[in-house]
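Text of data-v4.cif (mmCIF, C-alpha atoms and all ligand atoms) as supplied:
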```cif
data_protein
loop_
_atom_site.label_atom_id
_atom_site.label_comp_id
_atom_site.auth_asym_id
_atom_site.auth_seq_id
_atom_site.Cartn_x
_atom_site.Cartn_y
_atom_site.Cartn_z
CA MET A 1 201.63 -5.72 341.22
CA ASN A 2 199.81 -8.96 340.50
CA TYR A 3 201.12 -12.41 341.50
CA PHE A 4 203.05 -13.08 338.29
CA GLU A 5 204.63 -9.63 338.09
CA SER A 6 205.73 -9.98 341.69
CA ILE A 7 207.27 -13.43 341.03
CA LYS A 8 209.10 -12.21 337.96
CA SER A 9 210.66 -9.37 339.92
CA GLN A 10 212.10 -11.65 342.61
CA PRO A 11 215.85 -12.46 342.43
CA ILE A 12 216.89 -15.99 341.41
CA LYS A 13 218.70 -17.61 344.34
CA GLU A 14 221.93 -19.57 344.00
CA ASP A 15 220.94 -22.41 346.38
CA PRO A 16 217.15 -22.54 346.46
CA LEU A 17 215.05 -24.91 348.54
CA ILE A 18 212.47 -26.36 346.17
CA LEU A 19 209.30 -28.23 347.01
CA GLY A 20 208.56 -30.89 344.38
CA ILE A 21 205.01 -32.19 343.95
CA GLU A 22 204.14 -35.26 341.87
CA THR A 23 200.61 -36.60 341.36
CA SER A 24 200.60 -37.89 337.76
CA CYS A 25 199.56 -41.47 338.56
CA ASP A 26 199.00 -43.35 341.82
CA GLU A 27 201.71 -41.82 344.00
CA THR A 28 201.18 -38.63 345.97
CA ALA A 29 204.78 -37.58 346.33
CA VAL A 30 206.24 -34.45 347.89
CA SER A 31 209.90 -33.69 348.49
CA VAL A 32 212.17 -30.87 349.58
CA VAL A 33 215.40 -30.59 347.58
CA LYS A 34 218.30 -28.17 348.14
CA SER A 35 220.14 -26.70 345.15
CA GLY A 36 218.64 -29.30 342.82
CA ARG A 37 220.97 -32.01 344.16
CA LYS A 38 220.40 -32.74 347.84
CA ILE A 39 217.24 -34.51 348.98
CA VAL A 40 216.28 -32.96 352.31
CA SER A 41 213.02 -34.90 352.66
CA ASP A 42 210.98 -37.21 350.50
CA VAL A 43 207.45 -38.44 351.18
CA ILE A 44 205.47 -40.89 349.04
CA ILE A 45 201.89 -41.89 349.80
CA SER A 46 200.90 -44.60 347.33
CA SER A 47 197.36 -45.61 346.44
CA ALA A 48 198.60 -48.73 344.58
CA TYR A 49 196.96 -51.02 347.15
CA ARG A 50 193.58 -49.50 346.24
CA HIS A 51 194.07 -50.30 342.55
CA ALA A 52 195.37 -53.84 343.04
CA GLU A 53 191.92 -55.44 343.06
CA PHE A 54 191.12 -53.83 339.67
CA GLY A 55 194.32 -54.99 337.97
CA GLY A 56 195.44 -51.46 337.05
CA VAL A 57 195.20 -47.80 338.08
CA VAL A 58 191.60 -46.55 338.32
CA PRO A 59 191.95 -42.82 337.50
CA GLU A 60 188.96 -41.73 339.58
CA ILE A 61 190.27 -43.50 342.68
CA ALA A 62 193.77 -42.10 342.10
CA SER A 63 192.42 -38.51 341.96
CA ARG A 64 190.38 -38.92 345.13
CA MET A 65 193.32 -40.44 346.99
CA HIS A 66 195.59 -37.55 345.91
CA THR A 67 193.02 -35.10 347.26
CA THR A 68 193.08 -36.65 350.71
CA ALA A 69 196.84 -37.32 350.77
CA ILE A 70 198.38 -34.17 349.34
CA LEU A 71 198.30 -31.92 352.38
CA ASN A 72 199.51 -34.71 354.68
CA ALA A 73 202.35 -35.52 352.30
CA THR A 74 203.34 -31.83 352.08
CA GLU A 75 203.23 -31.26 355.84
CA LYS A 76 205.29 -34.38 356.43
CA ALA A 77 207.85 -33.33 353.79
CA LEU A 78 208.27 -29.95 355.52
CA LYS A 79 208.43 -31.51 358.97
CA ASP A 80 211.01 -34.12 357.90
CA ALA A 81 213.08 -31.34 356.33
CA ASN A 82 212.74 -29.29 359.51
CA VAL A 83 211.52 -26.26 357.55
CA THR A 84 208.32 -24.25 357.21
CA PHE A 85 206.49 -22.96 354.13
CA SER A 86 208.33 -19.65 354.41
CA ASP A 87 211.71 -21.40 353.94
CA ILE A 88 210.64 -22.78 350.54
CA ASP A 89 211.88 -20.72 347.57
CA ALA A 90 209.75 -22.22 344.80
CA ILE A 91 207.08 -24.83 344.14
CA ALA A 92 207.67 -27.31 341.32
CA VAL A 93 204.80 -29.48 340.15
CA THR A 94 204.29 -32.15 337.48
CA GLU A 95 202.09 -30.58 334.78
CA GLY A 96 202.08 -33.72 332.57
CA ALA A 97 202.22 -36.34 331.21
CA GLY A 98 199.79 -38.43 333.19
CA LEU A 99 196.20 -38.92 334.25
CA ILE A 100 194.45 -35.57 333.95
CA GLY A 101 192.33 -35.87 337.10
CA ALA A 102 195.35 -36.95 339.10
CA LEU A 103 197.58 -34.19 337.72
CA LEU A 104 194.93 -31.56 338.41
CA VAL A 105 195.07 -32.27 342.13
CA GLY A 106 198.81 -31.52 342.25
CA VAL A 107 198.59 -28.56 339.87
CA SER A 108 195.70 -26.92 341.75
CA PHE A 109 197.37 -27.50 345.10
CA ALA A 110 200.69 -26.10 343.86
CA LYS A 111 198.96 -23.04 342.41
CA ALA A 112 197.18 -22.32 345.69
CA LEU A 113 200.45 -22.70 347.59
CA ALA A 114 202.45 -20.55 345.19
CA PHE A 115 199.81 -17.82 345.21
CA SER A 116 199.37 -17.72 348.97
CA LEU A 117 203.12 -17.81 349.64
CA ASN A 118 203.93 -15.46 346.75
CA LYS A 119 206.59 -17.90 345.51
CA PRO A 120 207.37 -19.03 341.94
CA LEU A 121 205.33 -21.87 340.46
CA ILE A 122 207.41 -24.15 338.21
CA PRO A 123 205.68 -26.52 335.77
CA VAL A 124 207.69 -29.71 335.30
CA SER A 125 207.56 -32.42 332.64
CA HIS A 126 207.27 -35.82 334.29
CA ILE A 127 209.61 -37.26 331.65
CA ARG A 128 212.31 -34.66 332.34
CA GLY A 129 211.74 -35.30 336.03
CA HIS A 130 212.63 -38.98 335.58
CA VAL A 131 215.80 -38.04 333.71
CA ALA A 132 216.72 -35.48 336.42
CA ALA A 133 216.64 -38.21 339.10
CA ALA A 134 220.20 -38.96 337.92
CA TYR A 135 221.38 -35.59 339.33
CA LEU A 136 220.20 -36.70 342.75
CA ALA A 137 221.98 -40.05 342.45
CA ASP A 138 225.31 -38.48 341.54
CA GLU A 139 225.95 -34.98 342.85
CA ASN A 140 228.75 -34.47 340.34
CA LEU A 141 226.92 -35.70 337.25
CA LYS A 142 226.96 -33.21 334.42
CA PRO A 143 225.69 -33.59 330.86
CA PRO A 144 226.46 -34.92 328.33
CA PHE A 145 225.22 -38.43 329.12
CA ILE A 146 222.80 -41.04 327.81
CA SER A 147 219.57 -41.53 329.75
CA VAL A 148 217.81 -44.87 329.36
CA LEU A 149 214.22 -43.88 330.05
CA CYS A 150 212.04 -46.88 330.80
CA SER A 151 208.74 -46.25 332.55
CA GLY A 152 205.10 -47.24 332.35
CA GLY A 153 204.44 -44.58 329.72
CA HIS A 154 207.75 -44.18 327.87
CA THR A 155 210.76 -46.05 326.59
CA ALA A 156 213.56 -44.11 324.96
CA ILE A 157 217.29 -43.66 324.60
CA ILE A 158 217.90 -39.97 325.21
CA ALA A 159 221.11 -38.07 324.62
CA VAL A 160 221.17 -35.39 327.33
CA LYS A 161 223.37 -32.83 325.59
CA ASP A 162 223.16 -30.17 328.25
CA TYR A 163 220.82 -29.59 331.20
CA TYR A 164 218.08 -28.39 328.86
CA THR A 165 218.72 -30.06 325.48
CA PHE A 166 217.61 -33.63 324.78
CA GLU A 167 218.11 -35.55 321.57
CA ILE A 168 215.85 -38.59 321.27
CA LEU A 169 218.09 -41.23 319.71
CA GLY A 170 215.36 -43.88 319.74
CA LYS A 171 212.02 -44.68 321.30
CA THR A 172 209.28 -47.25 321.34
CA ILE A 173 207.08 -47.28 318.28
CA ASP A 174 204.16 -48.74 320.25
CA ASP A 175 203.94 -49.83 323.92
CA ALA A 176 206.27 -48.80 326.73
CA VAL A 177 208.35 -51.48 328.44
CA GLY A 178 206.57 -50.95 331.79
CA GLU A 179 203.22 -51.34 330.08
CA ALA A 180 204.40 -54.69 328.68
CA PHE A 181 205.49 -55.81 332.18
CA ASP A 182 202.05 -54.86 333.53
CA LYS A 183 200.18 -56.73 330.75
CA VAL A 184 202.35 -59.84 331.12
CA ALA A 185 201.74 -59.73 334.88
CA ARG A 186 198.02 -59.71 334.23
CA VAL A 187 198.05 -62.73 331.93
CA LEU A 188 200.15 -64.57 334.52
CA GLY A 189 197.56 -63.75 337.17
CA LEU A 190 199.84 -61.38 339.12
CA ASN A 191 198.61 -58.30 340.93
CA TYR A 192 199.09 -54.65 340.02
CA PRO A 193 201.71 -53.15 339.99
CA GLY A 194 202.87 -55.87 337.64
CA GLY A 195 206.54 -55.03 337.08
CA PRO A 196 207.90 -55.92 340.52
CA ASN A 197 205.75 -59.08 340.61
CA VAL A 198 207.02 -60.29 337.23
CA GLU A 199 210.56 -59.67 338.48
CA ARG A 200 209.92 -61.69 341.64
CA LEU A 201 208.43 -64.61 339.70
CA ALA A 202 211.23 -64.55 337.12
CA LYS A 203 213.84 -65.19 339.84
CA ASP A 204 212.88 -68.89 339.93
CA GLY A 205 212.46 -69.24 336.18
CA LYS A 206 214.55 -70.32 333.20
CA LYS A 207 214.56 -68.70 329.77
CA THR A 208 212.86 -71.64 328.07
CA VAL A 209 210.00 -69.88 326.24
CA LYS A 210 210.95 -68.81 322.75
CA LEU A 211 209.81 -65.25 322.04
CA PRO A 212 210.10 -63.21 318.84
CA LYS A 213 213.08 -60.96 318.19
CA MET A 214 212.09 -57.31 318.47
CA LEU A 215 211.74 -55.23 315.24
CA LYS A 216 213.06 -57.98 312.98
CA ASN A 217 212.48 -56.47 309.55
CA TYR A 218 212.21 -52.89 310.72
CA SER A 219 213.82 -50.19 308.65
CA GLY A 220 213.32 -47.33 311.12
CA GLY A 221 215.76 -46.02 313.72
CA GLU A 222 218.37 -48.42 315.07
CA TYR A 223 217.74 -47.39 318.68
CA ASP A 224 213.97 -47.83 318.47
CA PHE A 225 211.94 -50.37 320.45
CA SER A 226 208.67 -52.22 320.06
CA TYR A 227 207.00 -53.99 322.96
CA SER A 228 203.59 -54.71 321.51
CA GLY A 229 204.67 -57.83 319.56
CA LEU A 230 206.54 -59.23 322.56
CA LYS A 231 203.58 -58.63 324.84
CA THR A 232 201.19 -60.29 322.36
CA ALA A 233 203.54 -63.24 321.91
CA VAL A 234 203.53 -63.88 325.67
CA ILE A 235 199.74 -63.55 325.87
CA ASN A 236 199.31 -65.93 322.90
CA TYR A 237 201.74 -68.43 324.37
CA VAL A 238 199.85 -68.52 327.68
CA HIS A 239 196.46 -68.85 325.96
CA THR A 240 197.65 -71.57 323.56
CA GLN A 241 199.15 -73.61 326.39
CA LYS A 242 195.90 -73.30 328.31
CA GLN A 243 193.85 -74.37 325.29
CA LYS A 244 196.05 -77.42 324.90
CA GLY A 245 195.45 -78.19 328.57
CA LYS A 246 199.17 -77.86 329.28
CA GLU A 247 200.71 -76.63 332.52
CA ILE A 248 202.19 -73.15 332.31
CA ASN A 249 205.43 -72.57 334.13
CA GLY A 250 204.82 -68.94 335.12
CA ALA A 251 208.37 -68.47 336.38
CA ASP A 252 209.82 -69.57 333.03
CA VAL A 253 207.42 -67.30 331.12
CA ALA A 254 208.36 -64.38 333.39
CA ALA A 255 212.11 -65.04 333.05
CA SER A 256 211.88 -65.39 329.26
CA PHE A 257 209.83 -62.22 328.92
CA GLN A 258 212.02 -60.22 331.30
CA SER A 259 215.15 -61.13 329.42
CA ALA A 260 213.56 -60.37 326.02
CA ALA A 261 212.26 -57.01 327.27
CA ILE A 262 215.40 -55.88 329.08
CA ASP A 263 218.37 -57.27 327.13
CA VAL A 264 217.48 -55.16 324.12
CA LEU A 265 217.31 -52.02 326.29
CA ILE A 266 220.80 -52.70 327.60
CA ASN A 267 222.24 -53.54 324.17
CA LYS A 268 220.81 -50.45 322.50
CA ALA A 269 221.87 -48.16 325.35
CA ILE A 270 225.46 -49.42 325.17
CA LYS A 271 225.46 -49.25 321.38
CA ALA A 272 224.17 -45.66 321.47
CA ALA A 273 226.77 -44.58 324.02
CA LYS A 274 229.60 -46.15 322.03
CA GLU A 275 228.48 -45.00 318.60
CA LYS A 276 227.53 -41.48 319.64
CA GLY A 277 230.57 -40.95 321.85
CA TYR A 278 229.09 -40.72 325.35
CA ASN A 279 230.93 -42.19 328.34
CA THR A 280 228.11 -42.10 330.91
CA ILE A 281 224.76 -43.89 331.01
CA ALA A 282 222.03 -43.05 333.54
CA LEU A 283 218.97 -45.17 334.20
CA SER A 284 215.55 -43.54 334.64
CA GLY A 285 211.90 -44.49 335.06
CA GLY A 286 210.00 -47.16 337.01
CA VAL A 287 211.41 -50.17 335.15
CA GLY A 288 214.82 -48.89 336.30
CA ALA A 289 213.90 -50.44 339.66
CA ASN A 290 214.17 -53.88 338.03
CA GLY A 291 217.03 -55.86 339.56
CA TYR A 292 217.76 -57.85 336.38
CA LEU A 293 218.13 -54.59 334.43
CA ARG A 294 220.27 -52.94 337.10
CA GLU A 295 222.65 -55.90 337.45
CA ASN A 296 223.08 -56.54 333.76
CA LEU A 297 223.40 -52.89 332.82
CA ALA A 298 226.06 -52.55 335.53
CA LYS A 299 227.95 -55.53 334.08
CA ALA A 300 227.66 -54.31 330.50
CA THR A 301 228.77 -50.75 331.28
CA ALA A 302 231.71 -52.03 333.37
CA GLU A 303 232.80 -54.31 330.50
CA LYS A 304 232.71 -51.42 328.05
CA GLY A 305 234.43 -48.96 330.40
CA LEU A 306 231.35 -46.75 330.65
CA LYS A 307 230.25 -44.93 333.78
CA LEU A 308 226.80 -45.86 335.11
CA VAL A 309 224.54 -43.64 337.20
CA LEU A 310 221.93 -45.76 338.93
CA PRO A 311 219.35 -43.87 340.99
CA GLU A 312 218.09 -45.79 344.03
CA LYS A 313 215.02 -47.88 343.17
CA ARG A 314 212.79 -45.44 345.06
CA PHE A 315 213.95 -42.63 342.78
CA CYS A 316 213.39 -44.63 339.58
CA THR A 317 209.67 -44.96 340.24
CA ASP A 318 207.58 -41.82 340.67
CA ASN A 319 208.72 -39.43 343.40
CA GLY A 320 208.67 -35.75 344.30
CA ALA A 321 212.46 -35.34 344.50
CA MET A 322 212.94 -35.81 340.75
CA ILE A 323 210.32 -33.10 340.14
CA ALA A 324 212.19 -30.74 342.47
CA ALA A 325 215.50 -31.63 340.73
CA GLU A 326 214.12 -30.74 337.30
CA GLY A 327 212.25 -27.81 338.90
CA TYR A 328 215.63 -26.46 340.02
CA LEU A 329 216.91 -26.39 336.43
CA GLN A 330 213.79 -24.53 335.31
CA TYR A 331 214.04 -22.20 338.33
CA LYS A 332 217.54 -21.17 337.23
CA LYS A 333 216.08 -20.10 333.89
CA GLY A 334 213.13 -18.31 335.48
CA ASN A 335 210.68 -20.63 333.71
CA PHE A 336 207.72 -19.86 335.93
CA ALA A 337 204.03 -20.35 335.26
CA ASP A 338 201.25 -17.91 335.95
CA LEU A 339 198.04 -19.02 337.63
CA SER A 340 196.47 -20.19 334.38
CA LEU A 341 198.68 -23.31 334.53
CA ASN A 342 196.73 -26.42 333.53
CA ALA A 343 197.40 -30.18 333.55
CA LYS A 344 198.52 -31.86 330.31
CA ALA A 345 197.81 -35.49 329.39
CA ASN A 346 200.87 -35.50 327.14
CA VAL A 347 204.13 -33.58 327.00
CA PRO A 348 206.84 -33.86 324.34
CA LEU A 349 209.54 -36.47 324.96
CA GLY A 350 212.30 -33.99 324.15
O1 LIG B 401 208.10 -44.36 336.20
P1 LIG B 401 206.92 -45.04 336.76
O2 LIG B 401 206.82 -45.18 338.25
O3 LIG B 401 205.60 -44.37 336.24
C1 LIG B 401 205.49 -43.88 334.93
O4 LIG B 401 205.94 -42.74 334.71
O5 LIG B 401 205.00 -44.65 334.09
O6 LIG B 401 206.89 -46.50 336.07
C2 LIG B 401 205.90 -47.41 336.38
C3 LIG B 401 206.20 -48.67 335.62
C4 LIG B 401 205.10 -49.71 335.74
O7 LIG B 401 204.80 -50.22 334.48
C5 LIG B 401 205.71 -50.75 336.65
O8 LIG B 401 205.21 -52.05 336.45
C6 LIG B 401 207.17 -50.64 336.25
O9 LIG B 401 207.40 -49.28 336.11
N1 LIG B 401 208.07 -51.21 337.29
C7 LIG B 401 208.83 -52.29 337.09
C8 LIG B 401 209.48 -52.54 338.33
N2 LIG B 401 209.09 -51.58 339.23
C9 LIG B 401 208.21 -50.77 338.56
N3 LIG B 401 209.01 -53.06 336.01
C10 LIG B 401 209.86 -54.10 336.13
N4 LIG B 401 210.49 -54.42 337.28
C11 LIG B 401 210.35 -53.67 338.40
N5 LIG B 401 210.98 -53.98 339.52
ZN ZN B 402 206.85 -41.94 336.08
#
```

Just dump the structure as structure tokens.
Ligand code: KG4
Ligand code: ZN
Amino acid sequence: MNYFESIKSQPIKEDPLILGIETSCDETAVSVVKSGRKIVSDVIISSAYRHAEFGGVVPEIASRMHTTAILNATEKALKDANVTFSDIDAIAVTEGAGLIGALLVGVSFAKALAFSLNKPLIPVSHIRGHVAAAYLADENLKPPFISVLCSGGHTAIIAVKDYYTFEILGKTIDDAVGEAFDKVARVLGLNYPGGPNVERLAKDGKKTVKLPKMLKNYSGGEYDFSYSGLKTAVINYVHTQKQKGKEINGADVAASFQSAAIDVLINKAIKAAKEKGYNTIALSGGVGANGYLRENLAKATAEKGLKLVLPEKRFCTDNGAMIAAEGYLQYKKGNFADLSLNAKANVPLG
């Protein structure tokens, strides 16, 4: 029997221990999760500090850093969980979307592990992983619910109809919200990663800079977003002020941008939940770590009598636990990969 035949013949366990591996960007993250819900250990080794001087992720550096970090991260995840490789029931790994060179490190490592341990290899969509972080935040959460996905690569309002079926109610027609945060950070002279730095600066600012209303004469979907115009408006404002020799109040620019970028996310999420008949909203993706978003979404959901599932900030940004959580759902269905698994730059949103 070859590897794949052997895997396919193994029984599916009720409460598996899954190792989740995430290397799509600049975080080497490995986690052990029990039954798709309980985080037993969670290790993140970030190479963000190496990218800071370049103002953004340098793919080549990210790949090299994953190569040196992945075994350490895995050994630490096992040690923290007080288990050994033989206790692990399956290996879940991000297959995409992300930086190909970075993904390949995780995929190759996971393949080698799965083959040598003779355990199932589960390919996981990074996007579905972000959504699945909600199951870790609330052990009792069950679909249906609305997931507000806001990361560096995606922005969408997703109706999670059951564990496997997504309906994309709306999405960005150009840039992702996290991307806009990162670009605005750059023009304000803030370091990578931009999002948290814009948030910090915005704390002392007032919403005094007038920015354009998103998708003003747009006839597309009512839950869609567009961040490219907002981003450009901020960049133009900063450049024009500079040309006129005027002082720029960075804190006010940051506060004005943050509110313009986030308020619309909150409004559309609430609108979608109300209009489509969902009573729970879950936040997902790196921008979900934003305090302004978390506080105001909490207020808005409370006002409307909606339940809010808010993963800890650490589980909004990239982590291995969310990959194990989604890996668990795929494990239950026996969605295993053979050893020809490859990395994918893009995966479908749904
Ligand atoms: O989900 P994530 O870690 O990676 C992707 O899948 O893209 O999201 C990263 C994005 C970056 O654009 C980063 O600037 C943004 O999330 N981000 C934030 C905050 N923390 C991370 N944006 C705003 N405020 C934050 N506190
Ligand atoms: Zn992510």

Q: Please check which protein, DNA or RNA residues sit within 12 Å of ligand ZN 402 (chain B), counting only C-alpha atoms and all ligand atoms, and write them as a ChimeraX atom specification.
A: /A:22-29,94,96-99,125-133,149-155,176,178-179,284-289,314-320,322-323

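A cut-off of 8 Å from the point (196.2, -45.4, 338.2), with all atoms listed in the file, picks out the residues Cys25, Asp26, Ala48, His51, Gly56, Val57, Val58, Pro59, Ile61, Ala62 and Leu99 of chain A.
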
Q. Closest to ligand LIG 401 (chain B) among A:Ser219, A:Ser47, A:Asn197, A:Ser9, using all atoms listed in the file?
A. A:Asn197

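Checking A:Asn2, A:Ser108, A:Asn249, A:Asn236 one by one against Ile21 (chain A), counting only C-alpha atoms, you find the shortest gap at A:Ser108.
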
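If you look at CA of Ala260 (chain A) and CA of Pro348 (chain A), they are 27.4 Å away from each other.
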
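Ranking A:Tyr164, A:Tyr331, A:Tyr192, A:Tyr292 by their shortest atom-to-atom distance to Asp89 (chain A), with only C-alpha atoms included, puts A:Tyr331 first.
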
Q) Residues at most 10 Å from Pro196 (chain A), counting only C-alpha atoms, excluding those fewer than 2 positions away in the same chain, as a PyMOL selection string? A) chain A and resi 181-182+185+190-194+198-202+286-287+289-291

Q: Please indicate the distance in Å from atom O5 of ligand LIG 401 (chain B) to CA of Pro144 (chain A), rounded to one decimal place.
A: 24.3 Å

Q: Report the distance between atom C10 of ligand LIG 401 (chain B) and CA of Arg64 (chain A) in Å, rounded to one decimal place.
A: 26.3 Å

Axis-aligned box for region 164-179 of chain A, 3 Å per side, centre and edges in Å as AutoDock Vina command-line options:
```
--center_x 211.0 --center_y -39.9 --center_z 325.0 --size_x 21.5 --size_y 29.1 --size_z 19.5
```

**Q.** Test item: residues at most 6 Å from Ile146 (chain A), only C-alpha atoms, excluding those fewer than 3 positions along its chain, as an MDAnalysis selection string
**A.** chainID A and resid 158:160 281

Near-Thr280 (chain A) list (10 Å; only C-alpha atoms; drop same-chain fewer than 2 positions) as a PDB file with C-alpha atoms, keeping the file's coordinate frame:
```pdb
ATOM      1  CA  LEU A 141     226.920 -35.700 337.250  1.00  0.00           C
ATOM      2  CA  LYS A 142     226.960 -33.210 334.420  1.00  0.00           C
ATOM      3  CA  PRO A 143     225.690 -33.590 330.860  1.00  0.00           C
ATOM      4  CA  PRO A 144     226.460 -34.920 328.330  1.00  0.00           C
ATOM      5  CA  PHE A 145     225.220 -38.430 329.120  1.00  0.00           C
ATOM      6  CA  ILE A 146     222.800 -41.040 327.810  1.00  0.00           C
ATOM      7  CA  SER A 147     219.570 -41.530 329.750  1.00  0.00           C
ATOM      8  CA  ILE A 270     225.460 -49.420 325.170  1.00  0.00           C
ATOM      9  CA  ALA A 273     226.770 -44.580 324.020  1.00  0.00           C
ATOM     10  CA  LYS A 274     229.600 -46.150 322.030  1.00  0.00           C
ATOM     11  CA  GLY A 277     230.570 -40.950 321.850  1.00  0.00           C
ATOM     12  CA  TYR A 278     229.090 -40.720 325.350  1.00  0.00           C
ATOM     13  CA  ALA A 282     222.030 -43.050 333.540  1.00  0.00           C
ATOM     14  CA  THR A 301     228.770 -50.750 331.280  1.00  0.00           C
ATOM     15  CA  GLY A 305     234.430 -48.960 330.400  1.00  0.00           C
ATOM     16  CA  LEU A 306     231.350 -46.750 330.650  1.00  0.00           C
ATOM     17  CA  LYS A 307     230.250 -44.930 333.780  1.00  0.00           C
ATOM     18  CA  LEU A 308     226.800 -45.860 335.110  1.00  0.00           C
ATOM     19  CA  VAL A 309     224.540 -43.640 337.200  1.00  0.00           C
TER      20      VAL A 309
END
```

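The environment of region 238-245 of chain A within 9 Å, counting all atoms listed in the file and disregarding residues fewer than 6 places along the same chain, consists of Val187, Leu188 and Val253 of chain A.
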
Pull C-alpha atoms from the residues just selected and write them as a JSON list (two decimals), in the frame of the given file.
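Below is the file that was written, out.json:
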```json
[["chain", "number", "residue", "atom", "x", "y", "z"],
["A", 187, "VAL", "CA", 198.05, -62.73, 331.93],
["A", 188, "LEU", "CA", 200.15, -64.57, 334.52],
["A", 253, "VAL", "CA", 207.42, -67.30, 331.12]]
```

Starting from the incomplete input, reconstruct N, CA and C atoms of region 23-37 of chain A and report them as an mmCIF file, keeping the file's coordinate frame.
```
data_model
loop_
_atom_site.group_PDB
_atom_site.id
_atom_site.type_symbol
_atom_site.label_atom_id
_atom_site.label_comp_id
_atom_site.auth_asym_id
_atom_site.auth_seq_id
_atom_site.Cartn_x
_atom_site.Cartn_y
_atom_site.Cartn_z
ATOM 1 N N THR A 23 201.884 -35.870 341.208
ATOM 2 C CA THR A 23 200.610 -36.600 341.360
ATOM 3 C C THR A 23 200.115 -37.122 339.997
ATOM 4 N N SER A 24 201.050 -37.544 339.113
ATOM 5 C CA SER A 24 200.600 -37.890 337.760
ATOM 6 C C SER A 24 199.910 -39.243 337.654
ATOM 7 N N CYS A 25 200.157 -40.127 338.651
ATOM 8 C CA CYS A 25 199.560 -41.470 338.560
ATOM 9 C C CYS A 25 199.010 -41.880 339.932
ATOM 10 N N ASP A 26 199.589 -42.885 340.554
ATOM 11 C CA ASP A 26 199.000 -43.350 341.820
ATOM 12 C C ASP A 26 199.876 -43.048 343.036
ATOM 13 N N GLU A 27 200.889 -42.208 342.856
ATOM 14 C CA GLU A 27 201.710 -41.820 344.000
ATOM 15 C C GLU A 27 201.558 -40.343 344.291
ATOM 16 N N THR A 28 201.178 -40.025 345.543
ATOM 17 C CA THR A 28 201.180 -38.630 345.970
ATOM 18 C C THR A 28 202.546 -38.423 346.583
ATOM 19 N N ALA A 29 203.401 -37.673 345.884
ATOM 20 C CA ALA A 29 204.780 -37.580 346.330
ATOM 21 C C ALA A 29 205.204 -36.125 346.470
ATOM 22 N N VAL A 30 205.796 -35.819 347.623
ATOM 23 C CA VAL A 30 206.240 -34.450 347.890
ATOM 24 C C VAL A 30 207.641 -34.518 348.507
ATOM 25 N N SER A 31 208.511 -33.639 348.029
ATOM 26 C CA SER A 31 209.900 -33.690 348.490
ATOM 27 C C SER A 31 210.469 -32.283 348.591
ATOM 28 N N VAL A 32 211.434 -32.130 349.491
ATOM 29 C CA VAL A 32 212.170 -30.870 349.580
ATOM 30 C C VAL A 32 213.599 -31.149 349.117
ATOM 31 N N VAL A 33 214.068 -30.381 348.134
ATOM 32 C CA VAL A 33 215.400 -30.590 347.580
ATOM 33 C C VAL A 33 216.178 -29.278 347.600
ATOM 34 N N LYS A 34 217.430 -29.351 348.056
ATOM 35 C CA LYS A 34 218.300 -28.170 348.140
ATOM 36 C C LYS A 34 219.199 -28.101 346.910
ATOM 37 N N SER A 35 219.238 -26.956 346.283
ATOM 38 C CA SER A 35 220.140 -26.700 345.150
ATOM 39 C C SER A 35 220.022 -27.723 344.025
ATOM 40 N N GLY A 36 218.870 -28.346 343.915
ATOM 41 C CA GLY A 36 218.640 -29.300 342.820
ATOM 42 C C GLY A 36 219.367 -30.616 342.960
ATOM 43 N N ARG A 37 220.113 -30.821 344.042
ATOM 44 C CA ARG A 37 220.970 -32.010 344.160
ATOM 45 C C ARG A 37 220.780 -32.790 345.461
#
```
